[in-house]
$ cat my_file-v1.txt   # compact mmCIF, N, CA, C and O atoms
# COMPACT_ATOMS: atom_id res chain seq x y z
N MET K 1 -12.59 2.78 23.50
CA MET K 1 -11.21 2.47 23.78
C MET K 1 -10.29 3.02 22.69
O MET K 1 -9.26 3.61 22.99
N LEU K 2 -10.65 2.82 21.41
CA LEU K 2 -9.81 3.35 20.33
C LEU K 2 -9.78 4.87 20.34
O LEU K 2 -8.76 5.47 20.02
N ASN K 3 -10.90 5.47 20.72
CA ASN K 3 -10.93 6.93 20.78
C ASN K 3 -10.01 7.43 21.88
O ASN K 3 -9.38 8.48 21.74
N ASN K 4 -9.90 6.68 22.98
CA ASN K 4 -9.00 7.04 24.06
C ASN K 4 -7.55 6.97 23.60
O ASN K 4 -6.75 7.84 23.92
N ILE K 5 -7.20 5.95 22.84
CA ILE K 5 -5.85 5.83 22.30
C ILE K 5 -5.57 6.97 21.33
O ILE K 5 -4.49 7.55 21.32
N LEU K 6 -6.56 7.32 20.52
CA LEU K 6 -6.40 8.42 19.57
C LEU K 6 -6.17 9.74 20.30
O LEU K 6 -5.38 10.56 19.85
N GLU K 7 -6.84 9.92 21.43
CA GLU K 7 -6.63 11.14 22.22
C GLU K 7 -5.24 11.17 22.84
O GLU K 7 -4.62 12.22 22.92
N GLN K 8 -4.73 10.01 23.26
CA GLN K 8 -3.41 9.96 23.88
C GLN K 8 -2.30 10.20 22.87
O GLN K 8 -1.36 10.96 23.14
N VAL K 9 -2.39 9.55 21.73
CA VAL K 9 -1.32 9.66 20.73
C VAL K 9 -1.47 10.95 19.93
O VAL K 9 -0.49 11.61 19.61
N GLY K 10 -2.67 11.30 19.57
CA GLY K 10 -2.92 12.50 18.78
C GLY K 10 -3.05 12.16 17.31
O GLY K 10 -2.31 11.33 16.78
N ILE K 11 -4.01 12.81 16.67
CA ILE K 11 -4.27 12.50 15.27
C ILE K 11 -3.14 12.96 14.37
O ILE K 11 -2.87 12.35 13.33
N ASP K 12 -2.43 14.00 14.77
CA ASP K 12 -1.34 14.50 13.93
C ASP K 12 -0.20 13.49 13.82
O ASP K 12 0.42 13.36 12.76
N ASN K 13 0.05 12.73 14.89
CA ASN K 13 1.09 11.70 14.81
C ASN K 13 0.71 10.58 13.86
O ASN K 13 1.56 10.04 13.14
N TYR K 14 -0.57 10.22 13.83
CA TYR K 14 -1.03 9.22 12.87
C TYR K 14 -0.91 9.73 11.44
O TYR K 14 -0.53 8.98 10.54
N ILE K 15 -1.21 10.99 11.25
CA ILE K 15 -1.09 11.57 9.91
C ILE K 15 0.37 11.57 9.46
O ILE K 15 0.68 11.21 8.33
N TYR K 16 1.28 11.94 10.37
CA TYR K 16 2.71 11.92 10.03
C TYR K 16 3.19 10.51 9.71
O TYR K 16 3.98 10.31 8.77
N LEU K 17 2.72 9.52 10.46
CA LEU K 17 3.10 8.13 10.20
C LEU K 17 2.59 7.68 8.83
O LEU K 17 3.33 7.04 8.07
N CYS K 18 1.36 8.03 8.50
CA CYS K 18 0.80 7.65 7.20
C CYS K 18 1.55 8.34 6.05
O CYS K 18 1.80 7.72 5.02
N ILE K 19 1.91 9.59 6.25
CA ILE K 19 2.69 10.30 5.22
C ILE K 19 4.05 9.63 5.04
O ILE K 19 4.51 9.43 3.91
N LEU K 20 4.69 9.24 6.15
CA LEU K 20 5.98 8.57 6.08
C LEU K 20 5.88 7.23 5.36
O LEU K 20 6.69 6.93 4.47
N LEU K 21 4.87 6.43 5.71
CA LEU K 21 4.70 5.13 5.06
C LEU K 21 4.40 5.28 3.57
O LEU K 21 4.93 4.55 2.73
N PHE K 22 3.54 6.24 3.23
CA PHE K 22 3.21 6.46 1.83
C PHE K 22 4.43 6.93 1.05
O PHE K 22 4.67 6.49 -0.08
N THR K 23 5.24 7.78 1.66
CA THR K 23 6.45 8.27 0.99
C THR K 23 7.47 7.16 0.78
O THR K 23 8.08 7.06 -0.29
N ILE K 24 7.63 6.30 1.77
CA ILE K 24 8.53 5.15 1.61
C ILE K 24 8.05 4.25 0.49
O ILE K 24 8.84 3.77 -0.33
N GLY K 25 6.74 4.02 0.42
CA GLY K 25 6.19 3.21 -0.66
C GLY K 25 6.39 3.84 -2.02
O GLY K 25 6.72 3.16 -3.00
N ALA K 26 6.19 5.16 -2.11
CA ALA K 26 6.36 5.85 -3.39
C ALA K 26 7.82 5.83 -3.83
O ALA K 26 8.11 5.62 -5.02
N ILE K 27 8.74 6.02 -2.90
CA ILE K 27 10.16 5.96 -3.24
C ILE K 27 10.54 4.56 -3.69
O ILE K 27 11.28 4.38 -4.66
N GLY K 28 10.04 3.55 -2.99
CA GLY K 28 10.31 2.17 -3.39
C GLY K 28 9.75 1.86 -4.76
O GLY K 28 10.35 1.11 -5.54
N LEU K 29 8.61 2.42 -5.08
CA LEU K 29 8.00 2.18 -6.39
C LEU K 29 8.78 2.87 -7.50
O LEU K 29 8.93 2.33 -8.60
N LEU K 30 9.28 4.06 -7.23
CA LEU K 30 9.96 4.83 -8.27
C LEU K 30 11.40 4.41 -8.49
O LEU K 30 11.89 4.47 -9.63
N TYR K 31 12.10 4.01 -7.44
CA TYR K 31 13.54 3.80 -7.57
C TYR K 31 13.99 2.35 -7.59
O TYR K 31 15.14 2.08 -7.88
N ARG K 32 13.12 1.42 -7.27
CA ARG K 32 13.53 0.02 -7.28
C ARG K 32 13.13 -0.62 -8.60
O ARG K 32 12.11 -0.28 -9.18
N ARG K 33 13.92 -1.55 -9.08
CA ARG K 33 13.65 -2.19 -10.35
C ARG K 33 13.14 -3.61 -10.19
O ARG K 33 12.85 -4.27 -11.17
N SER K 34 13.04 -4.10 -8.98
CA SER K 34 12.53 -5.44 -8.75
C SER K 34 11.00 -5.39 -8.71
O SER K 34 10.42 -4.56 -8.01
N THR K 35 10.37 -6.28 -9.43
CA THR K 35 8.90 -6.25 -9.49
C THR K 35 8.28 -6.65 -8.16
O THR K 35 7.22 -6.14 -7.80
N ILE K 36 8.94 -7.53 -7.43
CA ILE K 36 8.42 -7.93 -6.12
C ILE K 36 8.46 -6.73 -5.17
O ILE K 36 7.50 -6.47 -4.44
N VAL K 37 9.55 -5.99 -5.17
CA VAL K 37 9.66 -4.80 -4.32
C VAL K 37 8.65 -3.74 -4.75
O VAL K 37 8.08 -3.05 -3.91
N MET K 38 8.42 -3.65 -6.04
CA MET K 38 7.42 -2.68 -6.52
C MET K 38 6.02 -3.06 -6.04
O MET K 38 5.24 -2.18 -5.63
N LEU K 39 5.69 -4.34 -6.06
CA LEU K 39 4.39 -4.78 -5.54
C LEU K 39 4.29 -4.52 -4.04
O LEU K 39 3.24 -4.09 -3.54
N MET K 40 5.36 -4.76 -3.30
CA MET K 40 5.34 -4.48 -1.86
C MET K 40 5.21 -2.99 -1.59
O MET K 40 4.55 -2.59 -0.62
N SER K 41 5.81 -2.16 -2.44
CA SER K 41 5.70 -0.72 -2.27
C SER K 41 4.27 -0.24 -2.50
O SER K 41 3.78 0.63 -1.78
N VAL K 42 3.62 -0.81 -3.49
CA VAL K 42 2.21 -0.47 -3.73
C VAL K 42 1.36 -0.88 -2.53
O VAL K 42 0.47 -0.13 -2.10
N GLU K 43 1.64 -2.05 -1.97
CA GLU K 43 0.89 -2.50 -0.80
C GLU K 43 1.15 -1.60 0.40
O GLU K 43 0.25 -1.35 1.20
N LEU K 44 2.37 -1.11 0.55
CA LEU K 44 2.68 -0.19 1.64
C LEU K 44 1.93 1.12 1.48
O LEU K 44 1.42 1.68 2.46
N MET K 45 1.82 1.60 0.25
CA MET K 45 1.06 2.82 0.00
C MET K 45 -0.43 2.60 0.30
O MET K 45 -1.09 3.48 0.89
N LEU K 46 -0.96 1.45 -0.07
CA LEU K 46 -2.36 1.14 0.23
C LEU K 46 -2.58 1.02 1.74
O LEU K 46 -3.62 1.46 2.26
N ALA K 47 -1.62 0.43 2.45
CA ALA K 47 -1.75 0.30 3.90
C ALA K 47 -1.75 1.68 4.57
O ALA K 47 -2.49 1.90 5.54
N ALA K 48 -0.93 2.58 4.07
CA ALA K 48 -0.91 3.94 4.63
C ALA K 48 -2.24 4.64 4.41
O ALA K 48 -2.76 5.30 5.32
N ALA K 49 -2.79 4.51 3.23
CA ALA K 49 -4.10 5.12 2.96
C ALA K 49 -5.19 4.49 3.80
O ALA K 49 -6.07 5.20 4.33
N ASN K 50 -5.14 3.17 3.98
CA ASN K 50 -6.14 2.50 4.80
C ASN K 50 -6.02 2.91 6.27
O ASN K 50 -7.03 3.07 6.96
N MET K 51 -4.80 3.07 6.76
CA MET K 51 -4.63 3.50 8.13
C MET K 51 -5.18 4.91 8.33
O MET K 51 -5.83 5.20 9.34
N LEU K 52 -4.95 5.76 7.37
CA LEU K 52 -5.46 7.13 7.48
C LEU K 52 -6.99 7.15 7.44
O LEU K 52 -7.62 7.89 8.19
N LEU K 53 -7.58 6.31 6.60
CA LEU K 53 -9.04 6.21 6.58
C LEU K 53 -9.57 5.72 7.92
O LEU K 53 -10.59 6.22 8.42
N THR K 54 -8.91 4.75 8.51
CA THR K 54 -9.34 4.22 9.80
C THR K 54 -9.21 5.27 10.91
O THR K 54 -10.11 5.42 11.73
N VAL K 55 -8.12 6.00 10.90
CA VAL K 55 -7.91 7.03 11.93
C VAL K 55 -8.97 8.12 11.81
O VAL K 55 -9.56 8.54 12.81
N PHE K 56 -9.24 8.57 10.60
CA PHE K 56 -10.26 9.60 10.43
C PHE K 56 -11.65 9.06 10.77
O PHE K 56 -12.50 9.79 11.27
N SER K 57 -11.87 7.79 10.50
CA SER K 57 -13.15 7.18 10.85
C SER K 57 -13.35 7.15 12.36
O SER K 57 -14.44 7.44 12.85
N VAL K 58 -12.31 6.80 13.10
CA VAL K 58 -12.40 6.80 14.56
C VAL K 58 -12.52 8.22 15.08
O VAL K 58 -13.29 8.50 16.00
N TYR K 59 -11.79 9.14 14.48
CA TYR K 59 -11.81 10.53 14.93
C TYR K 59 -13.20 11.15 14.78
O TYR K 59 -13.67 11.87 15.65
N HIS K 60 -13.86 10.85 13.67
CA HIS K 60 -15.20 11.40 13.42
C HIS K 60 -16.31 10.49 13.94
O HIS K 60 -17.48 10.79 13.76
N GLN K 61 -15.95 9.37 14.55
CA GLN K 61 -16.89 8.39 15.10
C GLN K 61 -17.93 7.96 14.06
O GLN K 61 -19.13 7.93 14.31
N ASP K 62 -17.42 7.61 12.89
CA ASP K 62 -18.25 7.13 11.79
C ASP K 62 -17.60 5.85 11.26
O ASP K 62 -16.43 5.85 10.90
N THR K 63 -18.37 4.79 11.20
CA THR K 63 -17.79 3.50 10.82
C THR K 63 -17.71 3.29 9.31
O THR K 63 -17.17 2.28 8.87
N SER K 64 -18.19 4.20 8.53
CA SER K 64 -18.17 3.99 7.08
C SER K 64 -16.74 3.95 6.53
O SER K 64 -16.47 3.22 5.58
N GLY K 65 -15.82 4.67 7.13
CA GLY K 65 -14.42 4.60 6.71
C GLY K 65 -13.81 3.24 6.98
O GLY K 65 -13.04 2.72 6.18
N GLN K 66 -14.17 2.64 8.09
CA GLN K 66 -13.65 1.32 8.43
C GLN K 66 -14.23 0.25 7.51
O GLN K 66 -13.53 -0.70 7.14
N VAL K 67 -15.48 0.40 7.12
CA VAL K 67 -16.07 -0.54 6.17
C VAL K 67 -15.38 -0.42 4.82
O VAL K 67 -15.07 -1.42 4.16
N PHE K 68 -15.08 0.80 4.41
CA PHE K 68 -14.37 1.01 3.15
C PHE K 68 -12.98 0.39 3.20
O PHE K 68 -12.50 -0.14 2.19
N VAL K 69 -12.33 0.44 4.36
CA VAL K 69 -11.00 -0.16 4.51
C VAL K 69 -11.07 -1.67 4.33
O VAL K 69 -10.20 -2.27 3.69
N ILE K 70 -12.11 -2.30 4.85
CA ILE K 70 -12.25 -3.75 4.69
C ILE K 70 -12.40 -4.11 3.21
O ILE K 70 -11.76 -5.05 2.72
N PHE K 71 -13.21 -3.36 2.48
CA PHE K 71 -13.35 -3.62 1.05
C PHE K 71 -12.04 -3.33 0.31
O PHE K 71 -11.66 -4.05 -0.62
N SER K 72 -11.34 -2.30 0.71
CA SER K 72 -10.07 -1.96 0.09
C SER K 72 -9.03 -3.05 0.33
O SER K 72 -8.24 -3.38 -0.57
N LEU K 73 -9.01 -3.64 1.51
CA LEU K 73 -8.09 -4.75 1.79
C LEU K 73 -8.41 -5.97 0.94
O LEU K 73 -7.50 -6.67 0.48
N ALA K 74 -9.69 -6.22 0.72
CA ALA K 74 -10.07 -7.35 -0.14
C ALA K 74 -9.61 -7.12 -1.58
O ALA K 74 -9.09 -8.03 -2.23
N VAL K 75 -9.78 -5.90 -2.07
CA VAL K 75 -9.33 -5.58 -3.43
C VAL K 75 -7.81 -5.65 -3.52
O VAL K 75 -7.26 -6.14 -4.51
N ALA K 76 -7.11 -5.19 -2.48
CA ALA K 76 -5.65 -5.24 -2.48
C ALA K 76 -5.15 -6.68 -2.48
O ALA K 76 -4.15 -6.99 -3.14
N ALA K 77 -5.82 -7.56 -1.75
CA ALA K 77 -5.42 -8.96 -1.75
C ALA K 77 -5.61 -9.59 -3.13
O ALA K 77 -4.76 -10.35 -3.59
N ALA K 78 -6.71 -9.24 -3.78
CA ALA K 78 -6.93 -9.75 -5.13
C ALA K 78 -5.89 -9.19 -6.10
O ALA K 78 -5.40 -9.90 -6.99
N GLU K 79 -5.53 -7.94 -5.92
CA GLU K 79 -4.52 -7.31 -6.78
C GLU K 79 -3.17 -7.99 -6.64
O GLU K 79 -2.48 -8.24 -7.63
N VAL K 80 -2.81 -8.34 -5.43
CA VAL K 80 -1.53 -9.03 -5.21
C VAL K 80 -1.57 -10.42 -5.82
O VAL K 80 -0.59 -10.86 -6.44
N ALA K 81 -2.67 -11.11 -5.67
CA ALA K 81 -2.78 -12.46 -6.24
C ALA K 81 -2.65 -12.42 -7.76
O ALA K 81 -1.94 -13.24 -8.36
N VAL K 82 -3.33 -11.47 -8.40
CA VAL K 82 -3.25 -11.35 -9.85
C VAL K 82 -1.84 -10.92 -10.28
O VAL K 82 -1.28 -11.45 -11.25
N GLY K 83 -1.26 -9.98 -9.55
CA GLY K 83 0.10 -9.53 -9.88
C GLY K 83 1.13 -10.63 -9.77
O GLY K 83 1.99 -10.79 -10.65
N LEU K 84 1.05 -11.42 -8.72
CA LEU K 84 1.99 -12.53 -8.58
C LEU K 84 1.75 -13.61 -9.62
O LEU K 84 2.71 -14.23 -10.11
N ALA K 85 0.50 -13.85 -9.98
CA ALA K 85 0.21 -14.83 -11.04
C ALA K 85 0.78 -14.37 -12.37
O ALA K 85 1.35 -15.17 -13.13
N ILE K 86 0.67 -13.10 -12.66
CA ILE K 86 1.26 -12.56 -13.90
C ILE K 86 2.77 -12.68 -13.86
O ILE K 86 3.40 -13.05 -14.87
N LEU K 87 3.39 -12.40 -12.72
CA LEU K 87 4.84 -12.52 -12.61
C LEU K 87 5.30 -13.96 -12.78
O LEU K 87 6.33 -14.21 -13.42
N VAL K 88 4.58 -14.91 -12.24
CA VAL K 88 4.93 -16.32 -12.42
C VAL K 88 4.83 -16.72 -13.88
O VAL K 88 5.70 -17.41 -14.42
N ALA K 89 3.77 -16.26 -14.56
CA ALA K 89 3.61 -16.57 -15.98
C ALA K 89 4.73 -15.94 -16.81
O ALA K 89 5.26 -16.58 -17.73
N ILE K 90 5.11 -14.73 -16.50
CA ILE K 90 6.20 -14.07 -17.23
C ILE K 90 7.52 -14.79 -16.97
O ILE K 90 8.32 -15.01 -17.89
N TYR K 91 7.74 -15.20 -15.72
CA TYR K 91 8.99 -15.89 -15.40
C TYR K 91 9.08 -17.24 -16.11
O TYR K 91 10.15 -17.64 -16.57
N ARG K 92 7.97 -17.93 -16.24
CA ARG K 92 7.97 -19.22 -16.94
C ARG K 92 8.26 -19.05 -18.43
O ARG K 92 8.93 -19.88 -19.04
N ASN K 93 7.77 -17.98 -19.03
CA ASN K 93 7.97 -17.77 -20.47
C ASN K 93 9.31 -17.14 -20.80
O ASN K 93 9.93 -17.50 -21.81
N ILE K 94 9.77 -16.21 -20.00
CA ILE K 94 10.96 -15.44 -20.34
C ILE K 94 12.17 -15.86 -19.51
O ILE K 94 13.30 -15.83 -19.98
N GLY K 95 11.95 -16.24 -18.25
CA GLY K 95 13.05 -16.64 -17.40
C GLY K 95 13.56 -15.54 -16.51
O GLY K 95 14.52 -15.73 -15.76
N THR K 96 12.94 -14.37 -16.53
CA THR K 96 13.34 -13.26 -15.67
C THR K 96 12.12 -12.40 -15.38
O THR K 96 11.15 -12.38 -16.15
N ILE K 97 12.19 -11.70 -14.25
CA ILE K 97 11.13 -10.74 -13.94
C ILE K 97 11.73 -9.35 -13.72
O ILE K 97 11.11 -8.50 -13.10
N ASP K 98 12.91 -9.13 -14.27
CA ASP K 98 13.57 -7.83 -14.16
C ASP K 98 12.82 -6.82 -15.03
O ASP K 98 12.52 -7.07 -16.19
N ILE K 99 12.55 -5.65 -14.48
CA ILE K 99 11.78 -4.62 -15.18
C ILE K 99 12.51 -4.15 -16.44
O ILE K 99 11.89 -3.90 -17.47
N ASP K 100 13.84 -4.03 -16.37
CA ASP K 100 14.59 -3.56 -17.54
C ASP K 100 14.48 -4.54 -18.70
O ASP K 100 14.45 -4.15 -19.86
N GLU K 101 14.44 -5.83 -18.40
CA GLU K 101 14.27 -6.84 -19.45
C GLU K 101 12.85 -6.83 -20.00
O GLU K 101 12.63 -7.07 -21.18
N LEU K 102 11.88 -6.57 -19.14
CA LEU K 102 10.48 -6.59 -19.59
C LEU K 102 10.13 -5.36 -20.42
O LEU K 102 9.16 -5.40 -21.17
N LYS K 103 10.90 -4.30 -20.30
CA LYS K 103 10.64 -3.11 -21.13
C LYS K 103 10.87 -3.39 -22.61
O LYS K 103 10.28 -2.75 -23.45
N ASN K 104 11.71 -4.36 -22.91
CA ASN K 104 12.04 -4.67 -24.30
C ASN K 104 10.97 -5.50 -24.99
O ASN K 104 11.03 -5.69 -26.20
N LEU K 105 10.00 -6.01 -24.24
CA LEU K 105 8.94 -6.81 -24.84
C LEU K 105 7.95 -5.90 -25.56
O LEU K 105 7.48 -4.92 -25.03
N LYS K 106 7.64 -6.23 -26.77
CA LYS K 106 6.69 -5.44 -27.56
C LYS K 106 5.60 -6.36 -28.08
O LYS K 106 5.86 -7.48 -28.48
N GLY K 107 4.37 -5.83 -28.10
CA GLY K 107 3.22 -6.46 -28.70
C GLY K 107 3.10 -7.88 -28.47
O GLY K 107 2.48 -8.71 -28.85
$ encode --input "my_file-v1.txt" --output "structure tokens"
Amino acid sequence: MLNNILEQVGIDNYIYLCILLFTIGAIGLLYRRSTIVMLMSVELMLAAANMLLTVFSVYHQDTSGQVFVIFSLAVAAAEVAVGLAILVAIYRNIGTIDIDELKNLKG
């Protein structure tokens, strides 16, 4: 069934969508100063890479890419949990999570 959908939509459209999502994530990471938006941008980039892995896995009819995506999602969830825990700890100590303010912290 998924292979039929892939034939209807075309693999090139999935590749273009993944490139678009990854680019939006990269722009959000580079130009936004909010740490929450930066974490969401990283997650968007990871989602684009995972989607591309899944599409290529279906295209080549090999499930190893899909298994790798499941492990990657687990690591991404742990990364978000640790990132948010660090942000909460920083906010409790300093009172802000603005990147420009955090640049001034040394050692």
$ closest_atom_pairs --input "my_file-v1.txt" --of "range 47-86 of chain K" --to "range 14-29 of chain K" --cutoff "7 Å" --atoms "all atoms listed in the file" --output "CSV"
residue,atom,partner,partner_atom,distance
K:Ala47,O,K:Cys18,CA,6.8
K:Ala48,O,K:Cys18,CA,4.7
K:Ala49,N,K:Cys18,O,5.9
K:Met51,C,K:Tyr14,O,6.6
K:Leu52,N,K:Cys18,CA,6.1
$ atom_distance --input "my_file-v1.txt" --atom1 "atom C of Val75 in chain K" --atom2 "atom C of Leu44 in chain K"
12.9 Å
$ select_by_dssp --input "my_file-v1.txt" --residues "chain K" --states "alpha helix (DSSP H)" --output "PyMOL selection string"
chain K and resi 2-9+11-31+35-59+64-94+99-102
$ residues_around --input "my_file-v1.txt" --residues "range 91-107 of chain K" --least-positions-apart "6" --cutoff "7 Å" --atoms "only N, CA, C and O atoms" --output "VMD selection string"
chain K and resid 33 to 36 85
$ closest_residue --input "my_file-v1.txt" --among "K:Val88, K:Leu39, K:Met45, K:Ile11" --to "Ser57 in chain K" --atoms "only C-alpha atoms"
K:Ile11
$ atom_distance --input "my_file-v1.txt" --atom1 "CA of Val55 in chain K" --atom2 "CA of Met38 in chain K"
25.9 Å
$ residues_around --input "my_file-v1.txt" --residues "Val67 in chain K" --least-positions-apart "4" --cutoff "12 Å" --atoms "only C-alpha atoms" --output "ChimeraX atom specification"
/K:50,53-54,57-58,62-63,71-74
$ atom_distance --input "my_file-v1.txt" --atom1 "CA of Val42 in chain K" --atom2 "CA of Gln66 in chain K"
20.1 Å
$ build_atoms --input "my_file-v1.txt" --residues "range 25-34 of chain K" --atoms "all heavy atoms" --output "PDB file, keeping the file's coordinate frame"
ATOM      1  N   GLY K  25       6.740   4.020   0.420  1.00  0.00           N
ATOM      2  CA  GLY K  25       6.190   3.210  -0.660  1.00  0.00           C
ATOM      3  C   GLY K  25       6.390   3.840  -2.020  1.00  0.00           C
ATOM      4  O   GLY K  25       6.720   3.160  -3.000  1.00  0.00           O
ATOM      5  N   ALA K  26       6.190   5.160  -2.110  1.00  0.00           N
ATOM      6  CA  ALA K  26       6.360   5.850  -3.390  1.00  0.00           C
ATOM      7  C   ALA K  26       7.820   5.830  -3.830  1.00  0.00           C
ATOM      8  O   ALA K  26       8.110   5.620  -5.020  1.00  0.00           O
ATOM      9  CB  ALA K  26       5.865   7.288  -3.268  1.00  0.00           C
ATOM     10  N   ILE K  27       8.740   6.020  -2.900  1.00  0.00           N
ATOM     11  CA  ILE K  27      10.160   5.960  -3.240  1.00  0.00           C
ATOM     12  C   ILE K  27      10.540   4.560  -3.690  1.00  0.00           C
ATOM     13  O   ILE K  27      11.280   4.380  -4.660  1.00  0.00           O
ATOM     14  CB  ILE K  27      11.019   6.437  -2.046  1.00  0.00           C
ATOM     15  CG1 ILE K  27      10.851   7.937  -1.860  1.00  0.00           C
ATOM     16  CG2 ILE K  27      12.489   6.086  -2.245  1.00  0.00           C
ATOM     17  CD1 ILE K  27      11.471   8.469  -0.589  1.00  0.00           C
ATOM     18  N   GLY K  28      10.040   3.550  -2.990  1.00  0.00           N
ATOM     19  CA  GLY K  28      10.310   2.170  -3.390  1.00  0.00           C
ATOM     20  C   GLY K  28       9.750   1.860  -4.760  1.00  0.00           C
ATOM     21  O   GLY K  28      10.350   1.110  -5.540  1.00  0.00           O
ATOM     22  N   LEU K  29       8.610   2.420  -5.080  1.00  0.00           N
ATOM     23  CA  LEU K  29       8.000   2.180  -6.390  1.00  0.00           C
ATOM     24  C   LEU K  29       8.780   2.870  -7.500  1.00  0.00           C
ATOM     25  O   LEU K  29       8.930   2.330  -8.600  1.00  0.00           O
ATOM     26  CB  LEU K  29       6.549   2.660  -6.380  1.00  0.00           C
ATOM     27  CG  LEU K  29       5.714   2.361  -7.608  1.00  0.00           C
ATOM     28  CD1 LEU K  29       5.511   0.862  -7.761  1.00  0.00           C
ATOM     29  CD2 LEU K  29       4.368   3.048  -7.494  1.00  0.00           C
ATOM     30  N   LEU K  30       9.280   4.060  -7.230  1.00  0.00           N
ATOM     31  CA  LEU K  30       9.960   4.830  -8.270  1.00  0.00           C
ATOM     32  C   LEU K  30      11.400   4.410  -8.490  1.00  0.00           C
ATOM     33  O   LEU K  30      11.890   4.470  -9.630  1.00  0.00           O
ATOM     34  CB  LEU K  30       9.913   6.323  -7.907  1.00  0.00           C
ATOM     35  CG  LEU K  30       8.532   6.974  -7.942  1.00  0.00           C
ATOM     36  CD1 LEU K  30       8.620   8.395  -7.426  1.00  0.00           C
ATOM     37  CD2 LEU K  30       7.966   6.943  -9.350  1.00  0.00           C
ATOM     38  N   TYR K  31      12.100   4.010  -7.440  1.00  0.00           N
ATOM     39  CA  TYR K  31      13.540   3.800  -7.570  1.00  0.00           C
ATOM     40  C   TYR K  31      13.990   2.350  -7.590  1.00  0.00           C
ATOM     41  O   TYR K  31      15.140   2.080  -7.880  1.00  0.00           O
ATOM     42  CB  TYR K  31      14.280   4.538  -6.448  1.00  0.00           C
ATOM     43  CG  TYR K  31      14.215   6.031  -6.614  1.00  0.00           C
ATOM     44  CD1 TYR K  31      13.556   6.814  -5.690  1.00  0.00           C
ATOM     45  CD2 TYR K  31      14.796   6.654  -7.711  1.00  0.00           C
ATOM     46  CE1 TYR K  31      13.479   8.183  -5.844  1.00  0.00           C
ATOM     47  CE2 TYR K  31      14.728   8.016  -7.877  1.00  0.00           C
ATOM     48  CZ  TYR K  31      14.068   8.773  -6.938  1.00  0.00           C
ATOM     49  OH  TYR K  31      13.988  10.123  -7.104  1.00  0.00           O
ATOM     50  N   ARG K  32      13.120   1.420  -7.270  1.00  0.00           N
ATOM     51  CA  ARG K  32      13.530   0.020  -7.280  1.00  0.00           C
ATOM     52  C   ARG K  32      13.130  -0.620  -8.600  1.00  0.00           C
ATOM     53  O   ARG K  32      12.110  -0.280  -9.180  1.00  0.00           O
ATOM     54  CB  ARG K  32      12.895  -0.735  -6.110  1.00  0.00           C
ATOM     55  CG  ARG K  32      13.328  -0.242  -4.759  1.00  0.00           C
ATOM     56  CD  ARG K  32      14.781  -0.466  -4.517  1.00  0.00           C
ATOM     57  NE  ARG K  32      15.046  -1.884  -4.501  1.00  0.00           N
ATOM     58  CZ  ARG K  32      15.938  -2.474  -3.777  1.00  0.00           C
ATOM     59  NH1 ARG K  32      16.698  -1.776  -2.984  1.00  0.00           N
ATOM     60  NH2 ARG K  32      16.107  -3.773  -3.832  1.00  0.00           N
ATOM     61  N   ARG K  33      13.920  -1.550  -9.080  1.00  0.00           N
ATOM     62  CA  ARG K  33      13.650  -2.190 -10.350  1.00  0.00           C
ATOM     63  C   ARG K  33      13.140  -3.610 -10.190  1.00  0.00           C
ATOM     64  O   ARG K  33      12.850  -4.270 -11.170  1.00  0.00           O
ATOM     65  CB  ARG K  33      14.932  -2.224 -11.204  1.00  0.00           C
ATOM     66  CG  ARG K  33      15.414  -0.851 -11.616  1.00  0.00           C
ATOM     67  CD  ARG K  33      14.543  -0.212 -12.672  1.00  0.00           C
ATOM     68  NE  ARG K  33      13.442   0.556 -12.065  1.00  0.00           N
ATOM     69  CZ  ARG K  33      12.397   1.001 -12.717  1.00  0.00           C
ATOM     70  NH1 ARG K  33      12.264   0.788 -13.982  1.00  0.00           N
ATOM     71  NH2 ARG K  33      11.462   1.667 -12.110  1.00  0.00           N
ATOM     72  N   SER K  34      13.040  -4.100  -8.980  1.00  0.00           N
ATOM     73  CA  SER K  34      12.530  -5.440  -8.750  1.00  0.00           C
ATOM     74  C   SER K  34      11.000  -5.390  -8.710  1.00  0.00           C
ATOM     75  O   SER K  34      10.420  -4.560  -8.010  1.00  0.00           O
ATOM     76  CB  SER K  34      13.060  -5.989  -7.432  1.00  0.00           C
ATOM     77  OG  SER K  34      12.417  -7.192  -7.116  1.00  0.00           O
TER      78      SER K  34
END
